[in-house]
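Novice: Structure file start_15.pdb (PDB, C-alpha atoms, pLDDT in the B column) is given on the next line.
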```
MODEL        1
ATOM      1  CA  MET U  37     -67.876-157.060   3.152  1.00 71.00           C
ATOM      2  CA  VAL U  38     -67.158-153.856   1.204  1.00 84.00           C
ATOM      3  CA  MET U  39     -67.587-153.480  -2.554  1.00 92.00           C
ATOM      4  CA  VAL U  40     -65.153-150.952  -3.998  1.00 92.00           C
ATOM      5  CA  LEU U  41     -64.962-149.837  -7.636  1.00 91.00           C
ATOM      6  CA  ILE U  42     -61.433-150.206  -9.010  1.00 90.00           C
ATOM      7  CA  ASP U  43     -60.974-149.407 -12.720  1.00 87.00           C
ATOM      8  CA  ASP U  44     -64.645-150.232 -13.380  1.00 91.00           C
ATOM      9  CA  ILE U  45     -64.272-153.574 -11.556  1.00 96.00           C
ATOM     10  CA  ASN U  46     -66.470-154.087  -8.519  1.00 97.00           C
ATOM     11  CA  MET U  47     -64.101-155.612  -5.972  1.00 97.00           C
ATOM     12  CA  ASN U  48     -65.043-157.430  -2.784  1.00 97.00           C
ATOM     13  CA  VAL U  49     -62.688-156.407   0.038  1.00 97.00           C
ATOM     14  CA  GLU U  50     -63.350-157.761   3.521  1.00 97.00           C
ATOM     15  CA  ILE U  51     -61.752-155.533   6.153  1.00 97.00           C
ATOM     16  CA  GLY U  52     -61.225-156.334   9.819  1.00 96.00           C
ATOM     17  CA  GLY U  53     -58.870-155.835  12.744  1.00 96.00           C
ATOM     18  CA  ASN U  54     -57.370-152.699  14.245  1.00 89.00           C
ATOM     19  CA  GLY U  55     -53.613-153.116  14.214  1.00 91.00           C
ATOM     20  CA  SER U  56     -51.165-150.450  13.098  1.00 92.00           C
ATOM     21  CA  ASN U  57     -49.726-152.699  10.371  1.00 96.00           C
ATOM     22  CA  ASN U  58     -51.726-153.788   7.337  1.00 98.00           C
ATOM     23  CA  ILE U  59     -51.955-157.291   5.857  1.00 98.00           C
ATOM     24  CA  LEU U  60     -53.370-158.168   2.449  1.00 98.00           C
ATOM     25  CA  LEU U  61     -54.631-161.710   1.796  1.00 98.00           C
ATOM     26  CA  LEU U  62     -54.536-162.948  -1.817  1.00 98.00           C
ATOM     27  CA  HIS U  63     -56.241-166.288  -2.451  1.00 98.00           C
ATOM     28  CA  GLY U  64     -55.449-168.995  -4.976  1.00 97.00           C
ATOM     29  CA  TRP U  65     -56.972-169.732  -8.381  1.00 97.00           C
ATOM     30  CA  GLY U  66     -60.638-170.664  -8.222  1.00 95.00           C
ATOM     31  CA  GLN U  67     -60.839-169.646  -4.557  1.00 97.00           C
ATOM     32  CA  SER U  68     -62.137-166.592  -2.701  1.00 97.00           C
ATOM     33  CA  THR U  69     -61.830-164.738   0.590  1.00 97.00           C
ATOM     34  CA  LYS U  70     -63.447-167.749   2.261  1.00 97.00           C
ATOM     35  CA  SER U  71     -60.294-169.823   1.786  1.00 96.00           C
ATOM     36  CA  PHE U  72     -58.520-167.530   4.280  1.00 97.00           C
ATOM     37  CA  THR U  73     -61.244-167.496   6.945  1.00 92.00           C
ATOM     38  CA  GLY U  74     -59.146-169.100   9.730  1.00 91.00           C
ATOM     39  CA  ILE U  75     -56.079-166.957   9.067  1.00 95.00           C
ATOM     40  CA  ASP U  76     -58.197-163.828   8.676  1.00 95.00           C
ATOM     41  CA  LYS U  77     -59.840-164.181  12.091  1.00 94.00           C
ATOM     42  CA  TYR U  78     -56.537-164.906  13.821  1.00 95.00           C
ATOM     43  CA  LEU U  79     -54.785-161.899  12.271  1.00 97.00           C
ATOM     44  CA  HIS U  80     -57.609-159.555  13.307  1.00 96.00           C
ATOM     45  CA  ASN U  81     -56.197-159.716  16.822  1.00 93.00           C
ATOM     46  CA  TYR U  82     -53.024-157.897  15.794  1.00 95.00           C
ATOM     47  CA  PHE U  83     -53.388-156.328  12.326  1.00 97.00           C
ATOM     48  CA  LYS U  84     -55.686-154.439   9.968  1.00 97.00           C
ATOM     49  CA  VAL U  85     -56.527-157.144   7.438  1.00 98.00           C
ATOM     50  CA  TYR U  86     -57.741-156.737   3.863  1.00 98.00           C
ATOM     51  CA  ASN U  87     -59.043-160.043   2.507  1.00 98.00           C
ATOM     52  CA  ILE U  88     -59.545-159.571  -1.234  1.00 98.00           C
ATOM     53  CA  ASP U  89     -61.546-161.405  -3.894  1.00 98.00           C
ATOM     54  CA  LEU U  90     -59.303-161.082  -6.931  1.00 98.00           C
ATOM     55  CA  PRO U  91     -61.004-160.078 -10.222  1.00 98.00           C
ATOM     56  CA  GLY U  92     -62.900-163.047 -11.644  1.00 97.00           C
ATOM     57  CA  PHE U  93     -63.314-164.825  -8.299  1.00 97.00           C
ATOM     58  CA  GLY U  94     -65.685-164.771  -5.354  1.00 97.00           C
ATOM     59  CA  LEU U  95     -67.902-161.684  -5.377  1.00 97.00           C
ATOM     60  CA  SER U  96     -65.573-159.534  -7.487  1.00 98.00           C
ATOM     61  CA  ASP U  97     -66.284-158.787 -11.152  1.00 97.00           C
ATOM     62  CA  LYS U  98     -64.356-160.437 -13.925  1.00 97.00           C
ATOM     63  CA  PRO U  99     -61.558-158.370 -15.473  1.00 97.00           C
ATOM     64  CA  PRO U 100     -62.553-156.264 -18.503  1.00 96.00           C
ATOM     65  CA  TYR U 101     -60.112-158.280 -20.657  1.00 97.00           C
ATOM     66  CA  PRO U 102     -57.962-161.398 -20.068  1.00 97.00           C
ATOM     67  CA  PHE U 103     -55.563-160.184 -17.378  1.00 98.00           C
ATOM     68  CA  ASN U 104     -51.960-161.223 -16.941  1.00 97.00           C
ATOM     69  CA  THR U 105     -50.146-161.211 -13.606  1.00 98.00           C
ATOM     70  CA  GLU U 106     -49.041-157.596 -13.965  1.00 98.00           C
ATOM     71  CA  ASP U 107     -52.649-156.510 -14.504  1.00 98.00           C
ATOM     72  CA  TYR U 108     -53.624-158.211 -11.248  1.00 98.00           C
ATOM     73  CA  ALA U 109     -50.718-156.519  -9.469  1.00 98.00           C
ATOM     74  CA  HIS U 110     -51.889-153.124 -10.744  1.00 98.00           C
ATOM     75  CA  VAL U 111     -55.362-153.757  -9.308  1.00 97.00           C
ATOM     76  CA  ILE U 112     -53.801-154.576  -5.934  1.00 98.00           C
ATOM     77  CA  LYS U 113     -51.869-151.303  -6.142  1.00 98.00           C
ATOM     78  CA  LYS U 114     -55.107-149.403  -6.798  1.00 97.00           C
ATOM     79  CA  ILE U 115     -56.698-151.006  -3.720  1.00 97.00           C
ATOM     80  CA  ILE U 116     -53.652-150.128  -1.612  1.00 97.00           C
ATOM     81  CA  ASP U 117     -53.800-146.524  -2.813  1.00 97.00           C
ATOM     82  CA  TYR U 118     -57.573-146.350  -2.300  1.00 96.00           C
ATOM     83  CA  TYR U 119     -57.242-147.351   1.358  1.00 96.00           C
ATOM     84  CA  GLU U 120     -54.021-145.342   1.817  1.00 96.00           C
ATOM     85  CA  ILE U 121     -52.108-148.424   2.963  1.00 97.00           C
ATOM     86  CA  HIS U 122     -48.368-148.033   3.525  1.00 96.00           C
ATOM     87  CA  ASN U 123     -45.812-150.834   3.502  1.00 97.00           C
ATOM     88  CA  PRO U 124     -48.252-153.737   3.432  1.00 98.00           C
ATOM     89  CA  ILE U 125     -47.502-157.259   4.519  1.00 98.00           C
ATOM     90  CA  ILE U 126     -48.821-159.579   1.818  1.00 98.00           C
ATOM     91  CA  ILE U 127     -49.838-163.217   2.204  1.00 98.00           C
ATOM     92  CA  GLY U 128     -50.512-165.059  -1.048  1.00 98.00           C
ATOM     93  CA  HIS U 129     -51.501-168.662  -1.705  1.00 98.00           C
ATOM     94  CA  SER U 130     -50.746-170.331  -5.040  1.00 98.00           C
ATOM     95  CA  PHE U 131     -51.994-167.924  -7.750  1.00 98.00           C
ATOM     96  CA  GLY U 132     -52.287-165.222  -5.086  1.00 98.00           C
ATOM     97  CA  GLY U 133     -48.610-165.795  -4.374  1.00 98.00           C
ATOM     98  CA  ARG U 134     -47.837-165.225  -8.027  1.00 98.00           C
ATOM     99  CA  VAL U 135     -49.677-161.894  -7.905  1.00 98.00           C
ATOM    100  CA  ALA U 136     -47.901-160.979  -4.650  1.00 98.00           C
ATOM    101  CA  ILE U 137     -44.486-161.643  -6.226  1.00 98.00           C
ATOM    102  CA  LYS U 138     -45.284-159.450  -9.221  1.00 98.00           C
ATOM    103  CA  TYR U 139     -46.610-156.685  -6.960  1.00 98.00           C
ATOM    104  CA  ALA U 140     -43.553-156.763  -4.684  1.00 98.00           C
ATOM    105  CA  PHE U 141     -41.282-156.569  -7.729  1.00 98.00           C
ATOM    106  CA  LEU U 142     -43.114-153.644  -9.318  1.00 98.00           C
ATOM    107  CA  TYR U 143     -43.770-151.424  -6.309  1.00 97.00           C
ATOM    108  CA  LYS U 144     -40.985-152.089  -3.771  1.00 96.00           C
ATOM    109  CA  ASP U 145     -43.152-151.133  -0.787  1.00 97.00           C
ATOM    110  CA  VAL U 146     -43.881-154.558   0.724  1.00 98.00           C
ATOM    111  CA  LYS U 147     -42.778-154.868   4.325  1.00 98.00           C
ATOM    112  CA  LYS U 148     -42.897-158.673   4.431  1.00 98.00           C
ATOM    113  CA  LEU U 149     -43.947-161.319   1.950  1.00 98.00           C
ATOM    114  CA  ILE U 150     -45.490-164.659   2.913  1.00 98.00           C
ATOM    115  CA  LEU U 151     -45.968-167.163   0.088  1.00 98.00           C
ATOM    116  CA  ILE U 152     -47.915-170.391   0.588  1.00 98.00           C
ATOM    117  CA  ASP U 153     -47.433-173.159  -1.999  1.00 98.00           C
ATOM    118  CA  SER U 154     -46.922-170.332  -4.448  1.00 98.00           C
ATOM    119  CA  ALA U 155     -47.047-170.364  -8.219  1.00 98.00           C
ATOM    120  CA  GLY U 156     -44.366-168.502 -10.161  1.00 98.00           C
ATOM    121  CA  ILE U 157     -41.941-171.157 -11.384  1.00 97.00           C
ATOM    122  CA  VAL U 158     -42.422-172.362 -14.965  1.00 94.00           C
ATOM    123  CA  HIS U 159     -40.504-175.472 -15.944  1.00 84.00           C
ATOM    124  CA  LYS U 160     -39.181-176.420 -19.341  1.00 72.00           C
ATOM    125  CA  LYS U 161     -41.866-178.412 -21.098  1.00 57.00           C
ATOM    126  CA  LYS U 162     -41.280-182.147 -21.429  1.00 53.00           C
ATOM    127  CA  LEU U 163     -41.949-184.159 -24.585  1.00 47.00           C
ATOM    128  CA  SER U 164     -45.098-185.582 -22.963  1.00 50.00           C
ATOM    129  CA  TYR U 165     -46.513-182.043 -22.719  1.00 41.00           C
ATOM    130  CA  TYR U 166     -46.160-181.421 -26.450  1.00 41.00           C
ATOM    131  CA  ILE U 167     -47.664-184.822 -27.219  1.00 46.00           C
ATOM    132  CA  LYS U 168     -50.724-183.875 -25.134  1.00 52.00           C
ATOM    133  CA  VAL U 169     -51.008-180.479 -26.848  1.00 44.00           C
ATOM    134  CA  TYR U 170     -50.848-181.898 -30.368  1.00 47.00           C
ATOM    135  CA  THR U 171     -53.199-184.728 -29.410  1.00 50.00           C
ATOM    136  CA  TYR U 172     -55.670-182.156 -28.107  1.00 44.00           C
ATOM    137  CA  LYS U 173     -55.463-180.112 -31.310  1.00 55.00           C
ATOM    138  CA  LEU U 174     -55.926-183.202 -33.471  1.00 53.00           C
ATOM    139  CA  VAL U 175     -58.886-184.453 -31.427  1.00 47.00           C
ATOM    140  CA  LYS U 176     -60.447-180.989 -31.487  1.00 55.00           C
ATOM    141  CA  LYS U 177     -60.160-180.878 -35.269  1.00 62.00           C
ATOM    142  CA  ILE U 178     -61.674-184.332 -35.665  1.00 59.00           C
ATOM    143  CA  LEU U 179     -64.540-183.464 -33.336  1.00 57.00           C
ATOM    144  CA  SER U 180     -65.443-180.480 -35.520  1.00 66.00           C
ATOM    145  CA  LEU U 181     -66.926-182.953 -38.020  1.00 59.00           C
ATOM    146  CA  PRO U 182     -70.734-182.586 -37.998  1.00 68.00           C
ATOM    147  CA  PHE U 183     -71.540-186.143 -36.921  1.00 58.00           C
ATOM    148  CA  LEU U 184     -69.102-185.938 -33.958  1.00 60.00           C
ATOM    149  CA  LYS U 185     -70.016-182.501 -32.587  1.00 60.00           C
ATOM    150  CA  LYS U 186     -72.392-183.933 -29.983  1.00 59.00           C
ATOM    151  CA  TYR U 187     -69.407-185.683 -28.339  1.00 54.00           C
ATOM    152  CA  ARG U 188     -67.131-182.610 -28.507  1.00 54.00           C
ATOM    153  CA  HIS U 189     -67.683-181.132 -25.027  1.00 56.00           C
ATOM    154  CA  LYS U 190     -67.589-184.473 -23.230  1.00 57.00           C
ATOM    155  CA  ILE U 191     -64.319-185.565 -24.838  1.00 50.00           C
ATOM    156  CA  LEU U 192     -62.494-182.215 -24.747  1.00 48.00           C
ATOM    157  CA  SER U 193     -63.386-181.754 -21.066  1.00 55.00           C
ATOM    158  CA  LYS U 194     -60.995-184.606 -20.280  1.00 57.00           C
ATOM    159  CA  PHE U 195     -58.031-182.486 -21.385  1.00 49.00           C
ATOM    160  CA  GLY U 196     -56.279-179.861 -19.248  1.00 51.00           C
ATOM    161  CA  SER U 197     -55.730-179.256 -15.535  1.00 57.00           C
ATOM    162  CA  ASN U 198     -58.586-179.106 -13.044  1.00 66.00           C
ATOM    163  CA  ASP U 199     -58.198-175.311 -12.879  1.00 62.00           C
ATOM    164  CA  TYR U 200     -58.549-175.117 -16.657  1.00 59.00           C
ATOM    165  CA  LYS U 201     -61.502-177.494 -16.818  1.00 63.00           C
ATOM    166  CA  ASN U 202     -63.363-175.687 -14.045  1.00 67.00           C
ATOM    167  CA  ALA U 203     -62.911-172.208 -15.551  1.00 79.00           C
ATOM    168  CA  ASP U 204     -65.327-170.634 -18.006  1.00 86.00           C
ATOM    169  CA  ASN U 205     -64.063-169.667 -21.458  1.00 88.00           C
ATOM    170  CA  PHE U 206     -63.075-166.144 -20.418  1.00 95.00           C
ATOM    171  CA  MET U 207     -61.157-167.184 -17.294  1.00 94.00           C
ATOM    172  CA  LYS U 208     -59.426-169.926 -19.290  1.00 91.00           C
ATOM    173  CA  LYS U 209     -57.814-167.123 -21.315  1.00 95.00           C
ATOM    174  CA  VAL U 210     -56.683-165.475 -18.084  1.00 96.00           C
ATOM    175  CA  LEU U 211     -55.274-168.766 -16.814  1.00 93.00           C
ATOM    176  CA  ILE U 212     -53.315-169.306 -20.028  1.00 92.00           C
ATOM    177  CA  ASN U 213     -51.805-165.814 -19.630  1.00 94.00           C
ATOM    178  CA  VAL U 214     -50.679-166.246 -16.031  1.00 94.00           C
ATOM    179  CA  VAL U 215     -49.470-169.859 -15.905  1.00 92.00           C
ATOM    180  CA  ASN U 216     -46.873-169.206 -18.588  1.00 90.00           C
ATOM    181  CA  GLU U 217     -45.188-166.370 -16.669  1.00 95.00           C
ATOM    182  CA  ASP U 218     -41.978-167.409 -14.938  1.00 97.00           C
ATOM    183  CA  LEU U 219     -41.128-164.955 -12.150  1.00 98.00           C
ATOM    184  CA  ARG U 220     -37.573-165.941 -11.258  1.00 98.00           C
ATOM    185  CA  ASP U 221     -36.115-162.649 -12.495  1.00 97.00           C
ATOM    186  CA  GLU U 222     -38.652-160.731 -10.413  1.00 98.00           C
ATOM    187  CA  MET U 223     -37.767-162.745  -7.303  1.00 98.00           C
ATOM    188  CA  LYS U 224     -34.112-161.702  -7.576  1.00 98.00           C
ATOM    189  CA  ASP U 225     -35.129-158.063  -7.192  1.00 98.00           C
ATOM    190  CA  ILE U 226     -37.374-158.443  -4.115  1.00 98.00           C
ATOM    191  CA  ASN U 227     -35.426-157.575  -0.979  1.00 96.00           C
ATOM    192  CA  CYS U 228     -38.093-157.664   1.722  1.00 98.00           C
ATOM    193  CA  PRO U 229     -38.052-160.564   4.223  1.00 98.00           C
ATOM    194  CA  THR U 230     -39.864-163.463   2.588  1.00 98.00           C
ATOM    195  CA  LEU U 231     -41.240-166.630   4.154  1.00 98.00           C
ATOM    196  CA  LEU U 232     -42.171-169.659   2.062  1.00 98.00           C
ATOM    197  CA  PHE U 233     -44.655-172.178   3.447  1.00 98.00           C
ATOM    198  CA  TRP U 234     -44.876-175.458   1.556  1.00 98.00           C
ATOM    199  CA  GLY U 235     -46.692-178.747   1.885  1.00 98.00           C
ATOM    200  CA  THR U 236     -44.314-181.656   1.424  1.00 98.00           C
ATOM    201  CA  ASN U 237     -47.029-183.511  -0.526  1.00 98.00           C
ATOM    202  CA  ASP U 238     -48.029-180.601  -2.748  1.00 97.00           C
ATOM    203  CA  ASP U 239     -48.727-182.047  -6.204  1.00 94.00           C
ATOM    204  CA  VAL U 240     -49.758-178.748  -7.817  1.00 94.00           C
ATOM    205  CA  THR U 241     -46.722-176.581  -7.061  1.00 96.00           C
ATOM    206  CA  PRO U 242     -44.198-179.193  -5.924  1.00 96.00           C
ATOM    207  CA  LEU U 243     -41.743-178.737  -3.080  1.00 98.00           C
ATOM    208  CA  SER U 244     -38.929-178.521  -5.632  1.00 97.00           C
ATOM    209  CA  ASP U 245     -40.385-175.124  -6.656  1.00 98.00           C
ATOM    210  CA  ALA U 246     -39.924-173.908  -3.084  1.00 98.00           C
ATOM    211  CA  TYR U 247     -36.227-174.740  -3.157  1.00 98.00           C
ATOM    212  CA  ILE U 248     -35.863-172.862  -6.454  1.00 98.00           C
ATOM    213  CA  MET U 249     -37.635-169.816  -5.045  1.00 98.00           C
ATOM    214  CA  LYS U 250     -35.509-169.839  -1.922  1.00 98.00           C
ATOM    215  CA  GLU U 251     -32.401-169.542  -4.080  1.00 98.00           C
ATOM    216  CA  TYR U 252     -33.775-166.596  -6.059  1.00 98.00           C
ATOM    217  CA  PHE U 253     -35.172-164.438  -3.261  1.00 98.00           C
ATOM    218  CA  PRO U 254     -32.355-162.468  -1.562  1.00 98.00           C
ATOM    219  CA  ASP U 255     -33.895-162.863   1.907  1.00 98.00           C
ATOM    220  CA  ALA U 256     -36.102-165.953   2.125  1.00 98.00           C
ATOM    221  CA  GLY U 257     -36.738-168.772   4.548  1.00 98.00           C
ATOM    222  CA  LEU U 258     -38.557-172.016   3.854  1.00 98.00           C
ATOM    223  CA  VAL U 259     -40.904-173.799   6.236  1.00 98.00           C
ATOM    224  CA  LYS U 260     -42.055-177.263   5.162  1.00 98.00           C
ATOM    225  CA  ILE U 261     -45.377-178.561   6.463  1.00 98.00           C
ATOM    226  CA  PRO U 262     -45.096-182.367   6.669  1.00 97.00           C
ATOM    227  CA  GLN U 263     -47.754-184.500   4.987  1.00 97.00           C
ATOM    228  CA  ALA U 264     -49.579-181.382   3.779  1.00 98.00           C
ATOM    229  CA  GLY U 265     -50.768-180.779   0.230  1.00 98.00           C
ATOM    230  CA  HIS U 266     -51.328-177.702  -1.904  1.00 97.00           C
ATOM    231  CA  PHE U 267     -53.483-176.099   0.801  1.00 97.00           C
ATOM    232  CA  SER U 268     -50.806-176.689   3.415  1.00 98.00           C
ATOM    233  CA  TYR U 269     -52.034-173.939   5.736  1.00 98.00           C
ATOM    234  CA  LEU U 270     -55.429-175.649   5.971  1.00 97.00           C
ATOM    235  CA  ASP U 271     -53.928-179.110   6.402  1.00 97.00           C
ATOM    236  CA  ASN U 272     -52.092-177.994   9.542  1.00 98.00           C
ATOM    237  CA  MET U 273     -53.482-174.640  10.646  1.00 97.00           C
ATOM    238  CA  PRO U 274     -52.078-174.711  14.236  1.00 97.00           C
ATOM    239  CA  PHE U 275     -48.524-175.234  12.978  1.00 98.00           C
ATOM    240  CA  PHE U 276     -48.962-172.649  10.222  1.00 98.00           C
ATOM    241  CA  LEU U 277     -50.245-169.985  12.633  1.00 97.00           C
ATOM    242  CA  LYS U 278     -47.500-170.710  15.149  1.00 97.00           C
ATOM    243  CA  VAL U 279     -44.759-170.117  12.573  1.00 98.00           C
ATOM    244  CA  LEU U 280     -46.581-167.155  11.051  1.00 98.00           C
ATOM    245  CA  ASP U 281     -46.921-165.603  14.500  1.00 96.00           C
ATOM    246  CA  GLU U 282     -43.165-165.885  15.050  1.00 97.00           C
ATOM    247  CA  PHE U 283     -42.411-164.311  11.671  1.00 98.00           C
ATOM    248  CA  LEU U 284     -44.732-161.371  12.380  1.00 98.00           C
ATOM    249  CA  LYS U 285     -44.088-160.907  16.091  1.00 96.00           C
ATOM    250  CA  ASN U 286     -42.193-157.644  15.655  1.00 95.00           C
ATOM    251  CA  ASP U 287     -44.984-156.196  13.496  1.00 96.00           C
ATOM    252  CA  LYS U 288     -47.829-156.478  16.015  1.00 91.00           C
TER     253      LYS U 288
ENDMDL
END
```
As structure tokens - that is how I would like this structure written.

Specialist:
Amino acid sequence: MVMVLIDDINMNVEIGGNGSNNILLLHGWGQSTKSFTGIDKYLHNYFKVYNIDLPGFGLSDKPPYPFNTEDYAHVIKKIIDYYEIHNPIIIGHSFGGRVAIKYAFLYKDVKKLILIDSAGIVHKKKLSYYIKVYTYKLVKKILSLPFLKKYRHKILSKFGSNDYKNADNFMKKVLINVVNEDLRDEMKDINCPTLLFWGTNDDVTPLSDAYIMKEYFPDAGLVKIPQAGHFSYLDNMPFFLKVLDEFLKNDK
């Protein structure tokens, strides 16, 4: 574990391996470097690996203000510059995939991009979504009445996604910023070889998102992991590593 100061943010960066090519690991929302432990150890055999706690997660400090995806990408750039990394390979899961997409779009120096059940596609909101939003606002207003305040936290905690409910008030602001960013236009301008891993049973970022991404990236392949969920690489690690190894064989 190494703590490095990036723009007044203490960042946890776990470094291992001795290969000539560099790999960055970017975890999902609410996760940390620990979520990549199996992949990290395997890649140490062939690559120099930088497993990063993104700001607000794991051992890293929270951002100084509610970040958006571009802010996270800038922090990754500062880490890359700090360690004098050239042409990194980036592996991102879920939210980490979103950050990886934004980074690859902005800086054009990514050698290969591996996205696992990645975020980055925002769908047109259905009527049911707006009903939930207005219901939430109405309930929140009602619960501001003095004799109902003691029930406020318990009732309002039933609204929102698990990521939202599990975040503190500051990180909820960050989450609101990033989940509303659709990255399709960015994908069109990323020309490095890209591999999409997806669990067929992913109910957080559905498989349909993978097919959309595949159409937008100029050079992308899709590997489906049968019966796997949102953490598809953990659900079938041997299969994941076998395919990953094939994709990276010329980079060892």

Novice: Determine the residue membership of the PyMOL selection byres ((chain U and resi 131-146) around 7) for the file above and supply it as a VMD selection string.

Specialist: chain U and resid 62 to 65 105 to 106 108 to 109 123 to 126 128 to 130 147 to 149 151 to 152 154 to 156 222 to 223 225 to 226 228

Novice: Where does the PyMOL selection byres ((chain U and resi 80-85) around 10) land in this file, that is, which residues does it pick, as a VMD selection string?

Specialist: chain U and resid 49 to 61 75 to 79 86 to 88 121 124 to 126 281 284 to 285 287 to 288

Novice: Given the file shown, determine the residues that the PyMOL selection byres ((chain U and resi 96) around 12) selects; report them as a ChimeraX atom specification.

Specialist: /U:37-42,44-50,67-69,87-95,97-100,111

Novice: Which is closest to Asp271 in chain U among U:Lys70, U:Ile127, U:Asn237, U:Leu219, if we use only C-alpha atoms?

Specialist: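 For Asp271 in chain U, the nearest of the given residues is U:Asn237.
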
Novice: Rebuild N, CA, C and O atoms on range 217-230 of chain U, as an mmCIF file, in the frame of the given file?

Specialist:
```
data_model
loop_
_atom_site.group_PDB
_atom_site.id
_atom_site.type_symbol
_atom_site.label_atom_id
_atom_site.label_comp_id
_atom_site.auth_asym_id
_atom_site.auth_seq_id
_atom_site.Cartn_x
_atom_site.Cartn_y
_atom_site.Cartn_z
ATOM 1 N N GLU U 217 -46.111 -167.416 -17.108
ATOM 2 C CA GLU U 217 -45.188 -166.370 -16.669
ATOM 3 C C GLU U 217 -44.252 -166.914 -15.594
ATOM 4 O O GLU U 217 -44.685 -167.236 -14.486
ATOM 5 N N ASP U 218 -42.980 -167.002 -15.922
ATOM 6 C CA ASP U 218 -41.978 -167.409 -14.938
ATOM 7 C C ASP U 218 -41.445 -166.156 -14.239
ATOM 8 O O ASP U 218 -41.054 -165.192 -14.895
ATOM 9 N N LEU U 219 -41.432 -166.169 -12.915
ATOM 10 C CA LEU U 219 -41.128 -164.955 -12.150
ATOM 11 C C LEU U 219 -39.767 -164.997 -11.451
ATOM 12 O O LEU U 219 -39.529 -164.246 -10.517
ATOM 13 N N ARG U 220 -38.883 -165.839 -11.910
ATOM 14 C CA ARG U 220 -37.573 -165.941 -11.258
ATOM 15 C C ARG U 220 -36.807 -164.624 -11.287
ATOM 16 O O ARG U 220 -36.172 -164.239 -10.300
ATOM 17 N N ASP U 221 -36.828 -163.929 -12.409
ATOM 18 C CA ASP U 221 -36.115 -162.649 -12.495
ATOM 19 C C ASP U 221 -36.698 -161.632 -11.524
ATOM 20 O O ASP U 221 -35.961 -160.833 -10.929
ATOM 21 N N GLU U 222 -38.016 -161.637 -11.359
ATOM 22 C CA GLU U 222 -38.652 -160.731 -10.413
ATOM 23 C C GLU U 222 -38.225 -161.052 -8.978
ATOM 24 O O GLU U 222 -37.953 -160.148 -8.177
ATOM 25 N N MET U 223 -38.156 -162.327 -8.658
ATOM 26 C CA MET U 223 -37.767 -162.745 -7.303
ATOM 27 C C MET U 223 -36.401 -162.197 -6.915
ATOM 28 O O MET U 223 -36.183 -161.797 -5.773
ATOM 29 N N LYS U 224 -35.478 -162.161 -7.858
ATOM 30 C CA LYS U 224 -34.112 -161.702 -7.576
ATOM 31 C C LYS U 224 -34.066 -160.247 -7.125
ATOM 32 O O LYS U 224 -33.110 -159.825 -6.477
ATOM 33 N N ASP U 225 -35.120 -159.501 -7.462
ATOM 34 C CA ASP U 225 -35.129 -158.063 -7.192
ATOM 35 C C ASP U 225 -36.078 -157.697 -6.049
ATOM 36 O O ASP U 225 -36.454 -156.536 -5.894
ATOM 37 N N ILE U 226 -36.489 -158.683 -5.253
ATOM 38 C CA ILE U 226 -37.374 -158.443 -4.115
ATOM 39 C C ILE U 226 -36.578 -158.627 -2.832
ATOM 40 O O ILE U 226 -36.161 -159.736 -2.500
ATOM 41 N N ASN U 227 -36.344 -157.537 -2.118
ATOM 42 C CA ASN U 227 -35.426 -157.575 -0.979
ATOM 43 C C ASN U 227 -36.104 -157.635 0.387
ATOM 44 O O ASN U 227 -35.411 -157.707 1.406
ATOM 45 N N CYS U 228 -37.424 -157.607 0.422
ATOM 46 C CA CYS U 228 -38.093 -157.664 1.722
ATOM 47 C C CYS U 228 -37.996 -159.084 2.297
ATOM 48 O O CYS U 228 -37.854 -160.056 1.548
ATOM 49 N N PRO U 229 -38.056 -159.225 3.621
ATOM 50 C CA PRO U 229 -38.052 -160.564 4.223
ATOM 51 C C PRO U 229 -39.202 -161.399 3.664
ATOM 52 O O PRO U 229 -40.348 -160.932 3.614
ATOM 53 N N THR U 230 -38.886 -162.600 3.247
ATOM 54 C CA THR U 230 -39.864 -163.463 2.588
ATOM 55 C C THR U 230 -39.891 -164.822 3.269
ATOM 56 O O THR U 230 -38.836 -165.407 3.543
#
```
